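Working notes, structure below.
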Protein chains: 2
Amino acid sequence: MTTTARAHTNIALIKYWGKRDEKLILPYTSSVSLTLDDFYTDTTVQFDPHLMADQFTLNGRPQSPDKISAFLDIVRAQAHSAQFAHVASVNHVPTAAGLASSASAYAALALAASREAGLQLAPRDLSRLARRGSGSASRSVFGGLAIWHRGDSDLTSFAEALPETKLPLRMVVVMVDAGQKKVSSRRLMANTVATSPYYPAWVKDNERAAGDMVKALAAADFTRIGELTEQSSARMHAAIFASDPAFTYFQPATLTVWHAVQTLRAQGVPAYATMDAGPNVKILTLAPAVAAVKAALPEFKDRLLVAGPGRAAKVLEEAQ
Amino acid sequence: MTTTARAHTNIALIKYWGKRDEKLILPYTSSVSLTLDDFYTDTTVQFDPHLMADQFTLNGRPQSPDKISAFLDIVRAQAHSAQFAHVASVNHVPTAAGLASSASAYAALALAASREAGLQLAPRDLSRLARRGSGSASRSVFGGLAIWHRGDSDLTSFAEALPETKLPLRMVVVMVDAGQKKVSSRRLMANTVATSPYYPAWVKDNERAAGDMVKALAAADFTRIGELTEQSSARMHAAIFASDPAFTYFQPATLTVWHAVQTLRAQGVPAYATMDAGPNVKILTLAPAVAAVKAALPEFKDRLLVAGPGRAAKVLEEAQ
C-alpha cells in the first residue's frame with residue numbers, strides 16, 4: 001500500500017522564534033499563521049518489510065534519509081512498527097520564494113506516514129507529530145488561519161484551526177534575493193535566545209500579540225491584523241539584530257520593499273510587511289488592493305507571487 | 001566685549017537614546033563618545049544692554065532666536081544678568097554628513113556665553129550647562145574620549161574626559177543619503193521610551209556596555225571597543241524598530257555599508273559600524289586600516305569623510 005498526502009506552506013503573522021526544547025520542538029511563544037494555497041508539498045510513503053533503511057527522494061532525486069528517518073522513528077514508535085519506508089516528496093514551493101518548505105514538507109510527511117502506518121490521528125495529534133519535524137509544520141496541518149499554542153509539553157503544544165474569516169486575505173511574496181546563501185535558522189534562533197537582551201521581552205510581547213491577533217481576526221479588523229503582523233515581524237528581527245554577534249536577514253532590497261509598504265499605507269493602501277528567516281518580504285493585503293501593491297513595486301515586477309488562503313493537509317491517494 | 005568659542009562634534013560609541021527628564025535633559029543611560037577633529041562650530045557671543053531681544057545668525061544668516069534664548073536664559077540666571085545677546089555661529093560640519101551639529105553648537109555656545117557673562121565654569125559645570133541645550137553637547141566640552149554619566153539630577157548628570165588612548169582611532173563617515181528628510185529625533189526618542197517593549201532591556205544593557213567600554217578603552221582593546229560600539233548601535237536601532245509604529249532610520253544603502261563592514265571584519269580588517277539618528281554609517285577603525293575601509297566602499301568613494309579625535313572646547317578670542 002502507498003499513501004500520498006498534500007500539505008500547504010504557511011506564513012506566520014505572529015512569529016515563532018526560539019525553542020525552549022530543541023528535541024521536542026517546544027516554542028517559547030504561540031504563533032498565528034496563514035496557510036497559502038499555491039505552495040505545497042506532495043509526499044508519498046510506502047512502508048516495505050524488505051527495506052533495510054529508509055529511502056528518500058525529493059523532486060525525484062535521492063537524498064540522505066537521516067532527518068526523515070529520525071521523524072519516521074516517531075511514527076514507527078506510535079504504530080509499533082519496525083518497517084522502513086520509501087518516501088517521495090515533490091515540492092511545489094518555488095525555491096526562489098524563500099518560503100519555508102519544511103512546514104509543508106513535514107505536515108505532508110506526518111499525514112502520509114501516519115496514515116500509511118495505520119494510525120488515524122486526530123488533527124491535534126497530527127499537528128503534534130508534524131511539530132516534531134519542524135515547528136511551523138504544526139500549523140500546516142490546517143487550512144486558512146491557524147494558531148500554534150506554545151503549551152508546556154509535547155501533549156499541550158499543538159496547532160489548531162482558527163475560525164474562517166470573510167476578509168479576502170492575500171499574501172504578496174516579494175523575492176528580493178533568490179540567490180541568497182542560506183543561514184541556518186535553527187542555529188540563529190538558539191543564538192537569539194542565548195544572547196539577545198531583548199529575547200525575554202520578545203517572548204512576553206509576542207504572546208500578548210498572539211492573543212490580540214485572535215481577537216482581531218474574530219473581529220475581521222484588517223487594520224489591527226496588519227499592525228500586529230508587521231509588529232511581530234519587526235520585533236522578531238529587532239531581537240535578532242540585538243544578538244551577539246549582531247546579525248540581520250535584511251538585505252538592502254528588503255528595506256526598499258519595507259519602506260515602499262510604509263509609503264503605500266500612508267497613501268491609504270492596506271498593506272503590511274512581514275519577514276521571516278531570509279531577505280524576502282511578504283506583504284499581507286486584501287484582494288482588492290493587490291494591484292496597487294504590485295504597482296508600487298515596479299522594480300520587482302518579475303519577482304512577485306500572490307497567494308491566498310490554503311486548504312488543510314489531506315490525503316490525496318491511498319493505493320494498494 | 002565679545003567671546004568666541006570653538007567646540008567639536010562627537011560620535012557616541014555607547015549610545016544615548018531616551019530622556020527621563022525632557023526639560024533638564026537627563027538621560028536614561030550613560031554614554032561614551034569620541035570627539036572629532038574636523039567637524040566643529042565657532043560661536044561668538046556679545047551681551048548688549050541696548051538689545052530688546054536675542055539675535056542669532058547661523059553661517060551669517062539670521063535665524064529665529066527662540067531655542068538659543070531659552071538656553072541663554074539659563075546662563076543669564078546663573079550670571080544674574082538680564083542682558084540680551086548677539087550670537088553668531090558658524091558650523092564647520094558638512095550638512096551632508098548628517099552629524100549632529102547640535103553637539104558642537106551647544107558646547108560652543110555654552111562656553112562662549114558663560115565666559116562672556118563673566119562665569120568661569122569648571123569643566124563639569126560647563127558640561128551640565130551644555131547638556132541643557134542638547135544632551136550630546138555635554139560630551140563635546142571634552143576632547144578625545146568622554147563619558148556622560150547619566151546621574152539622577154541636574155547636578156549629577158555631566159560628562160567628563162576619559163584617559164587618552166594610544167590607539168590611533170579614526171572614524172570614517174559614509175554619507176549614504178545626504179538629502180534625507182530629517183525626522184525629529186527628540187520625538188522618536190520619546191516614542192521609543194513610551195512604546196518599545198525593548199526599552200527597559202536597552203537601558204540595562206547599555207549601562208552595562210558603558211562600564212565595559214571604559215574598561216576596554218583603558219585596556220586599549222580595540223576588538224572589544226569595536227564590538228561594544230557596533231552592539232550599542234545595533235541594540236539602539238533594534239529598540240527603535242520595535243517601537244509602535246515601527247520606524248527605522250536605515251535606508252537600503254545603510255545596510256549595504258553595514259554588510260560591507262561585516263565582510264571587512266571577516267577579512268581581518270578592524271572596522272565596526274555605528275549609526276545614529278539618520279541613515280549614514282560611521283565606521284570606527286584604526287589609522288592603518290583606513291585605506292582598506294575606503295577600498296571596500298567603492299560606490300561611496302566621493303561620499304567619505306575621515307576624522308580623528310578632536311580637541312576640547314576652547315575660547316578662541318576674547319575682544320574688547
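Every chain in the C-alpha cells takes a letter, A first, then B, and so on in the order presented; its residues are numbered from 1, and the ligands are numbered from 1 following the presented order.
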
Requested in this report: Do me a favour and pick out the residues of chain B within 8 Å of chain A, using only C-alpha atoms, as a list in words.
Outcome: Pro197, Tyr198, Ala201, Trp202, Asp205, Gln231, Ala234, Arg235, His237, Ala238, Ala239, Phe241, Ala242, Asp244, Pro245, Ala246, Phe250, Gln251, Pro252, Ala253, Thr254, Leu255 and Thr256 of chain B

Could the residues in this selection be written to a file with C-alpha atoms, as a compact mmCIF listing (two decimals), in the first residue's frame?
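Saved the output as selection_28.txt:
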```txt
# COMPACT_ATOMS: atom_id res chain seq x y z
CA PRO B 197 8.90 46.69 24.65
CA TYR B 198 12.70 46.51 24.45
CA ALA B 201 16.28 45.99 28.44
CA TRP B 202 18.11 48.56 26.29
CA ASP B 205 22.22 46.59 28.69
CA GLN B 231 26.48 46.38 19.56
CA ALA B 234 22.58 47.76 16.78
CA ARG B 235 20.66 47.49 20.01
CA HIS B 237 18.29 50.75 16.37
CA ALA B 238 16.65 47.44 17.27
CA ALA B 239 14.82 49.12 20.17
CA PHE B 241 12.49 49.33 15.14
CA ALA B 242 10.44 47.59 17.85
CA ASP B 244 4.91 51.39 17.75
CA PRO B 245 4.66 52.34 14.98
CA ALA B 246 7.77 50.58 13.73
CA PHE B 250 18.08 52.65 7.94
CA GLN B 251 17.96 53.17 4.21
CA PRO B 252 18.92 50.37 1.79
CA ALA B 253 22.42 51.85 1.43
CA THR B 254 22.80 51.87 5.21
CA LEU B 255 22.55 48.08 5.09
CA THR B 256 24.88 47.90 2.10
```

Near-region 35-37 of chain B list (10 Å; only C-alpha atoms; drop same-chain fewer than 4 positions) as a tab-separated table (two decimals) with N, CA and C atoms, in the first residue's frame:
```
chain	number	residue	atom	x	y	z
B	7	ALA	N	33.84	74.41	19.57
B	7	ALA	CA	33.66	73.05	20.11
B	7	ALA	C	33.48	72.10	18.94
B	8	HIS	N	33.95	70.87	19.15
B	8	HIS	CA	33.89	69.85	18.10
B	8	HIS	C	32.68	68.94	18.31
B	9	THR	N	32.21	68.36	17.21
B	9	THR	CA	31.11	67.41	17.34
B	9	THR	C	31.67	66.09	17.88
B	10	ASN	N	30.80	65.19	18.22
B	10	ASN	CA	31.26	63.87	18.69
B	10	ASN	C	30.32	62.79	18.21
B	11	ILE	N	30.86	61.57	18.17
B	11	ILE	CA	30.06	60.39	17.79
B	11	ILE	C	30.01	59.49	19.01
B	12	ALA	N	28.83	59.07	19.38
B	12	ALA	CA	28.69	58.18	20.53
B	12	ALA	C	29.10	56.76	20.15
B	103	ALA	N	25.51	69.08	18.95
B	103	ALA	CA	26.50	68.78	20.00
B	103	ALA	C	27.58	69.86	20.03
B	104	SER	N	28.19	70.13	18.87
B	104	SER	CA	29.22	71.17	18.83
B	104	SER	C	28.61	72.55	19.04
B	139	ARG	N	29.03	66.13	26.08
B	139	ARG	CA	30.28	65.41	25.81
B	139	ARG	C	31.25	66.22	24.97
B	140	SER	N	30.72	67.18	24.17
B	140	SER	CA	31.58	67.95	23.26
B	140	SER	C	32.40	69.01	23.98
B	141	VAL	N	32.19	69.15	25.28
B	141	VAL	CA	33.02	70.06	26.08
B	141	VAL	C	34.44	69.50	26.16
B	142	PHE	N	34.55	68.18	26.00
B	142	PHE	CA	35.84	67.49	26.18
B	142	PHE	C	36.42	67.02	24.85
B	143	GLY	N	37.73	66.87	24.82
B	143	GLY	CA	38.38	66.34	23.63
B	143	GLY	C	38.47	64.83	23.71
B	144	GLY	N	38.80	64.21	22.59
B	144	GLY	CA	39.03	62.77	22.57
B	144	GLY	C	37.84	61.99	23.08
B	145	LEU	N	38.09	61.13	24.06
B	145	LEU	CA	37.04	60.26	24.59
B	145	LEU	C	36.38	60.88	25.81
B	146	ALA	N	35.07	60.76	25.88
B	146	ALA	CA	34.35	61.32	27.03
B	146	ALA	C	33.23	60.38	27.44
B	170	ARG	N	40.13	56.21	14.32
B	170	ARG	CA	39.63	57.01	13.20
B	170	ARG	C	38.16	56.68	12.98
B	171	MET	N	37.42	57.67	12.50
B	171	MET	CA	36.01	57.46	12.19
B	171	MET	C	35.82	57.78	10.71
B	306	VAL	N	36.92	61.30	6.68
B	306	VAL	CA	37.69	60.59	7.71
B	306	VAL	C	38.08	61.58	8.79
B	307	ALA	N	37.82	61.24	10.05
B	307	ALA	CA	38.15	62.15	11.14
B	307	ALA	C	38.85	61.39	12.26
B	308	GLY	N	39.71	62.12	12.98
B	308	GLY	CA	40.38	61.58	14.15
B	308	GLY	C	39.89	62.29	15.40
B	309	PRO	N	40.45	61.96	16.54
B	309	PRO	CA	39.99	62.55	17.80
B	309	PRO	C	40.13	64.07	17.79
B	310	GLY	N	39.13	64.75	18.32
B	310	GLY	CA	39.12	66.21	18.35
B	310	GLY	C	39.56	66.75	19.70
B	311	ARG	N	39.77	68.06	19.74
B	311	ARG	CA	40.20	68.73	20.98
B	311	ARG	C	38.99	69.16	21.81
B	312	ALA	N	39.29	69.53	23.04
B	312	ALA	CA	38.26	70.03	23.92
B	312	ALA	C	37.77	71.40	23.44
B	313	ALA	N	36.57	71.76	23.89
B	313	ALA	CA	36.05	73.09	23.58
B	313	ALA	C	36.99	74.13	24.18
```

Query raised in the report: For the atom pair CA of Glu207 (chain A) and CA of Ser31 (chain A), what is the interatomic distance in Å to one decimal place?
Result: 7.9 Å

Query raised in the report: If we count only C-alpha atoms, what is near Lys166 (chain A) at a cut-off of 12 Å, once residues fewer than 5 positions away on the same chain are taken out, given as an MDAnalysis selection string?
Result: chainID A and resid 144:145 217:222 286:287 309

Save the residues we just selected, all heavy atoms, as a compact mmCIF listing (two decimals), in the first residue's frame?
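Result saved to selection_1.txt:
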```
# COMPACT_ATOMS: atom_id res chain seq x y z
N GLY A 144 -6.23 27.76 5.93
CA GLY A 144 -6.53 29.14 6.34
C GLY A 144 -5.70 29.59 7.51
O GLY A 144 -4.47 29.48 7.49
N LEU A 145 -6.37 30.06 8.55
CA LEU A 145 -5.69 30.61 9.72
C LEU A 145 -5.53 29.55 10.80
O LEU A 145 -6.46 28.78 11.06
CB LEU A 145 -6.50 31.79 10.26
CG LEU A 145 -6.65 32.95 9.27
CD1 LEU A 145 -7.92 33.76 9.56
CD2 LEU A 145 -5.40 33.83 9.32
N LEU A 217 -8.69 38.89 14.38
CA LEU A 217 -9.21 38.04 13.31
C LEU A 217 -10.70 37.79 13.50
O LEU A 217 -11.48 37.85 12.54
CB LEU A 217 -8.45 36.71 13.27
CG LEU A 217 -7.00 36.79 12.74
CD1 LEU A 217 -6.22 35.52 13.07
CD2 LEU A 217 -6.98 37.05 11.23
N ALA A 218 -11.10 37.54 14.73
CA ALA A 218 -12.53 37.30 15.01
C ALA A 218 -13.35 38.53 14.67
O ALA A 218 -14.48 38.43 14.20
CB ALA A 218 -12.71 36.91 16.47
N ALA A 219 -12.74 39.72 14.88
CA ALA A 219 -13.45 40.96 14.59
C ALA A 219 -13.30 41.38 13.13
O ALA A 219 -13.86 42.40 12.72
CB ALA A 219 -12.92 42.07 15.50
N ALA A 220 -12.54 40.59 12.35
CA ALA A 220 -12.26 40.94 10.94
C ALA A 220 -11.74 42.37 10.81
O ALA A 220 -12.08 43.09 9.87
CB ALA A 220 -13.49 40.71 10.07
N ASP A 221 -10.91 42.77 11.78
CA ASP A 221 -10.35 44.13 11.80
C ASP A 221 -9.00 44.11 11.08
O ASP A 221 -7.96 43.87 11.68
CB ASP A 221 -10.19 44.55 13.27
CG ASP A 221 -9.61 45.96 13.43
OD1 ASP A 221 -9.13 46.55 12.43
OD2 ASP A 221 -9.64 46.46 14.56
N PHE A 222 -9.03 44.37 9.77
CA PHE A 222 -7.81 44.18 8.99
C PHE A 222 -6.69 45.13 9.39
O PHE A 222 -5.52 44.77 9.38
CB PHE A 222 -8.08 44.30 7.48
CG PHE A 222 -6.82 43.98 6.68
CD1 PHE A 222 -6.35 42.68 6.62
CD2 PHE A 222 -6.10 44.99 6.06
CE1 PHE A 222 -5.17 42.38 5.93
CE2 PHE A 222 -4.92 44.70 5.37
CZ PHE A 222 -4.46 43.39 5.31
N LEU A 286 -5.32 42.84 1.09
CA LEU A 286 -6.64 42.32 0.74
C LEU A 286 -6.75 42.24 -0.78
O LEU A 286 -6.12 43.04 -1.50
CB LEU A 286 -7.73 43.25 1.30
CG LEU A 286 -7.76 43.31 2.84
CD1 LEU A 286 -8.68 44.43 3.32
CD2 LEU A 286 -8.20 41.97 3.43
N ALA A 287 -7.54 41.29 -1.29
CA ALA A 287 -7.62 41.05 -2.73
C ALA A 287 -7.79 42.34 -3.55
O ALA A 287 -7.08 42.52 -4.55
CB ALA A 287 -8.72 40.04 -3.04
N PRO A 309 -5.47 32.12 0.94
CA PRO A 309 -5.52 31.09 1.98
C PRO A 309 -5.53 29.68 1.39
O PRO A 309 -6.21 29.42 0.39
CB PRO A 309 -6.84 31.38 2.70
CG PRO A 309 -7.12 32.83 2.43
CD PRO A 309 -6.59 33.08 1.05
```

**Report entry** Spatial neighbours of Val176 (chain B), 8 Å, only C-alpha atoms, chain gap at least 4 places, as a ChimeraX atom specification
**Finding:** /B:253-254,279-281,300,303

Write the residues of the selection above to a file with N, CA and C atoms, as a tab-separated table (two decimals), in the first residue's frame.
```
chain	number	residue	atom	x	y	z
B	253	ALA	N	20.96	51.69	1.48
B	253	ALA	CA	22.42	51.85	1.43
B	253	ALA	C	23.06	51.76	2.82
B	254	THR	N	22.29	52.06	3.86
B	254	THR	CA	22.80	51.87	5.21
B	254	THR	C	23.18	50.40	5.41
B	279	PRO	N	20.47	58.01	8.33
B	279	PRO	CA	20.85	56.83	7.56
B	279	PRO	C	22.36	56.62	7.38
B	280	ASN	N	23.16	57.62	7.72
B	280	ASN	CA	24.60	57.49	7.48
B	280	ASN	C	25.24	56.47	8.41
B	281	VAL	N	26.37	55.92	7.95
B	281	VAL	CA	27.10	54.94	8.75
B	281	VAL	C	28.46	55.53	9.09
B	300	PHE	N	30.89	54.46	-2.70
B	300	PHE	CA	30.71	55.63	-1.84
B	300	PHE	C	31.96	56.52	-1.84
B	303	ARG	N	31.81	60.04	-1.15
B	303	ARG	CA	30.94	60.41	-0.02
B	303	ARG	C	31.50	59.91	1.30
```

For region 88-92 of chain A, work out the shell of residues within 12 Å, counting only C-alpha atoms and skipping chain neighbours fewer than 6 positions away, then give it as a compact mmCIF listing (two decimals) with N, CA and C atoms, in the first residue's frame.
```txt
# COMPACT_ATOMS: atom_id res chain seq x y z
N THR A 2 0.42 2.30 -0.62
CA THR A 2 1.11 3.60 -0.55
C THR A 2 0.08 4.69 -0.22
N THR A 3 0.56 5.70 0.48
CA THR A 3 -0.32 6.83 0.80
C THR A 3 0.35 8.13 0.36
N THR A 4 -0.40 8.96 -0.32
CA THR A 4 0.10 10.27 -0.74
C THR A 4 -0.71 11.36 -0.05
N ALA A 5 0.01 12.33 0.52
CA ALA A 5 -0.68 13.45 1.19
C ALA A 5 -0.13 14.78 0.69
N ARG A 6 -0.96 15.78 0.76
CA ARG A 6 -0.56 17.14 0.36
C ARG A 6 -0.75 18.09 1.55
N ALA A 7 0.26 18.92 1.77
CA ALA A 7 0.11 19.99 2.77
C ALA A 7 0.68 21.28 2.18
N HIS A 8 0.09 22.39 2.59
CA HIS A 8 0.49 23.70 2.09
C HIS A 8 1.44 24.38 3.08
N THR A 9 2.25 25.27 2.54
CA THR A 9 3.14 26.02 3.43
C THR A 9 2.32 27.11 4.13
N LEU A 36 -1.02 28.97 2.77
CA LEU A 36 -1.11 29.54 1.42
C LEU A 36 -1.46 28.48 0.38
N ASP A 37 -2.36 28.86 -0.52
CA ASP A 37 -2.87 27.86 -1.46
C ASP A 37 -1.86 27.40 -2.52
N ASP A 38 -1.04 28.29 -3.01
CA ASP A 38 -0.24 27.95 -4.20
C ASP A 38 1.03 27.17 -3.90
N PHE A 39 1.42 27.10 -2.64
CA PHE A 39 2.72 26.49 -2.32
C PHE A 39 2.49 25.27 -1.43
N TYR A 40 2.84 24.09 -1.95
CA TYR A 40 2.54 22.88 -1.19
C TYR A 40 3.55 21.78 -1.50
N THR A 41 3.50 20.75 -0.69
CA THR A 41 4.35 19.58 -0.89
C THR A 41 3.46 18.34 -0.98
N ASP A 42 3.72 17.49 -1.95
CA ASP A 42 3.05 16.19 -2.07
C ASP A 42 4.05 15.11 -1.67
N THR A 43 3.66 14.27 -0.74
CA THR A 43 4.59 13.25 -0.26
C THR A 43 3.92 11.88 -0.25
N THR A 44 4.63 10.90 -0.82
CA THR A 44 4.13 9.54 -0.87
C THR A 44 4.99 8.66 0.03
N VAL A 45 4.32 7.87 0.85
CA VAL A 45 5.05 6.99 1.78
C VAL A 45 4.59 5.55 1.55
N GLN A 46 5.57 4.66 1.53
CA GLN A 46 5.27 3.23 1.44
C GLN A 46 6.18 2.47 2.39
N PHE A 47 5.61 1.88 3.42
CA PHE A 47 6.42 1.02 4.30
C PHE A 47 6.65 -0.30 3.59
N ASP A 54 15.51 3.53 5.40
CA ASP A 54 14.57 4.42 4.71
C ASP A 54 15.20 4.95 3.43
N GLN A 55 14.35 5.18 2.44
CA GLN A 55 14.78 5.74 1.17
C GLN A 55 14.01 7.03 0.94
N PHE A 56 14.69 8.05 0.46
CA PHE A 56 14.03 9.36 0.35
C PHE A 56 14.41 10.03 -0.95
N THR A 57 13.41 10.41 -1.71
CA THR A 57 13.68 11.24 -2.89
C THR A 57 12.91 12.56 -2.76
N LEU A 58 13.58 13.64 -3.20
CA LEU A 58 12.94 14.96 -3.22
C LEU A 58 12.95 15.45 -4.66
N ASN A 59 11.79 15.73 -5.17
CA ASN A 59 11.65 16.12 -6.59
C ASN A 59 12.35 15.11 -7.50
N GLY A 60 12.23 13.82 -7.12
CA GLY A 60 12.76 12.75 -7.96
C GLY A 60 14.21 12.39 -7.73
N ARG A 61 14.90 13.18 -6.91
CA ARG A 61 16.32 12.91 -6.70
C ARG A 61 16.59 12.32 -5.32
N PRO A 62 17.38 11.26 -5.25
CA PRO A 62 17.69 10.63 -3.96
C PRO A 62 18.40 11.61 -3.02
N GLN A 63 18.03 11.56 -1.75
CA GLN A 63 18.60 12.43 -0.73
C GLN A 63 19.04 11.58 0.46
N PRO A 65 18.60 10.15 3.90
CA PRO A 65 17.33 9.97 4.61
C PRO A 65 17.43 10.29 6.11
N ILE A 68 14.64 12.49 7.75
CA ILE A 68 13.37 11.81 7.54
C ILE A 68 13.27 10.58 8.45
N LEU A 99 10.34 30.53 0.78
CA LEU A 99 9.31 30.15 1.76
C LEU A 99 9.79 28.87 2.44
N ALA A 100 9.40 28.73 3.68
CA ALA A 100 9.85 27.58 4.46
C ALA A 100 9.17 26.32 3.95
N SER A 101 9.84 25.56 3.10
CA SER A 101 9.22 24.35 2.59
C SER A 101 9.18 23.26 3.65
N SER A 102 9.91 23.46 4.76
CA SER A 102 9.87 22.44 5.81
C SER A 102 8.49 22.37 6.45
N ALA A 103 7.74 23.46 6.44
CA ALA A 103 6.40 23.45 7.03
C ALA A 103 5.49 22.52 6.24
N SER A 104 5.42 22.73 4.92
CA SER A 104 4.57 21.85 4.11
C SER A 104 5.14 20.44 4.05
N ALA A 105 6.46 20.33 4.03
CA ALA A 105 7.10 19.02 3.89
C ALA A 105 6.78 18.11 5.09
N TYR A 106 6.97 18.62 6.29
CA TYR A 106 6.74 17.77 7.46
C TYR A 106 5.25 17.57 7.74
N ALA A 107 4.40 18.52 7.36
CA ALA A 107 2.96 18.30 7.54
C ALA A 107 2.50 17.20 6.59
N ALA A 108 2.98 17.22 5.34
CA ALA A 108 2.60 16.18 4.38
C ALA A 108 3.17 14.83 4.80
N LEU A 109 4.40 14.83 5.25
CA LEU A 109 5.03 13.57 5.68
C LEU A 109 4.32 13.00 6.90
N ALA A 112 0.97 11.51 5.59
CA ALA A 112 1.14 10.31 4.75
C ALA A 112 1.70 9.14 5.56
N ALA A 113 2.72 9.43 6.37
CA ALA A 113 3.38 8.34 7.10
C ALA A 113 2.48 7.78 8.19
```

Report summary line: CA of Ser64 (chain A) to CA of Val93 (chain A) measures 20.2 Å

**Report entry** Test item: residues at most 10 Å from Phe158 (chain A), only C-alpha atoms, excluding those fewer than 2 positions along its chain, as number ranges by chain
**Finding:** A: 26, 30, 123-131, 135, 138-139, 147-151, 153-156, 160

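You will find CA of Val203 (chain B) at 27.1 Å from CA of Pro27 (chain A).
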
Report task. Run DSSP on the backbone and give me the residues of region 2-230 of chain B it puts in helix (DSSP H, G or I), as a VMD selection string. Result -> chain B and resid 66 to 79 95 to 97 101 to 116 123 to 133 137 to 140 185 to 195 199 to 218 222 to 230

Requested in this report: Just the strand (DSSP E or B) stuff from region 40-265 of chain B, please, per backbone DSSP, written as a PyMOL selection string.
Outcome: chain B and resi 40-48+55-58+61-63+84-92+145-148+159-161+169-174
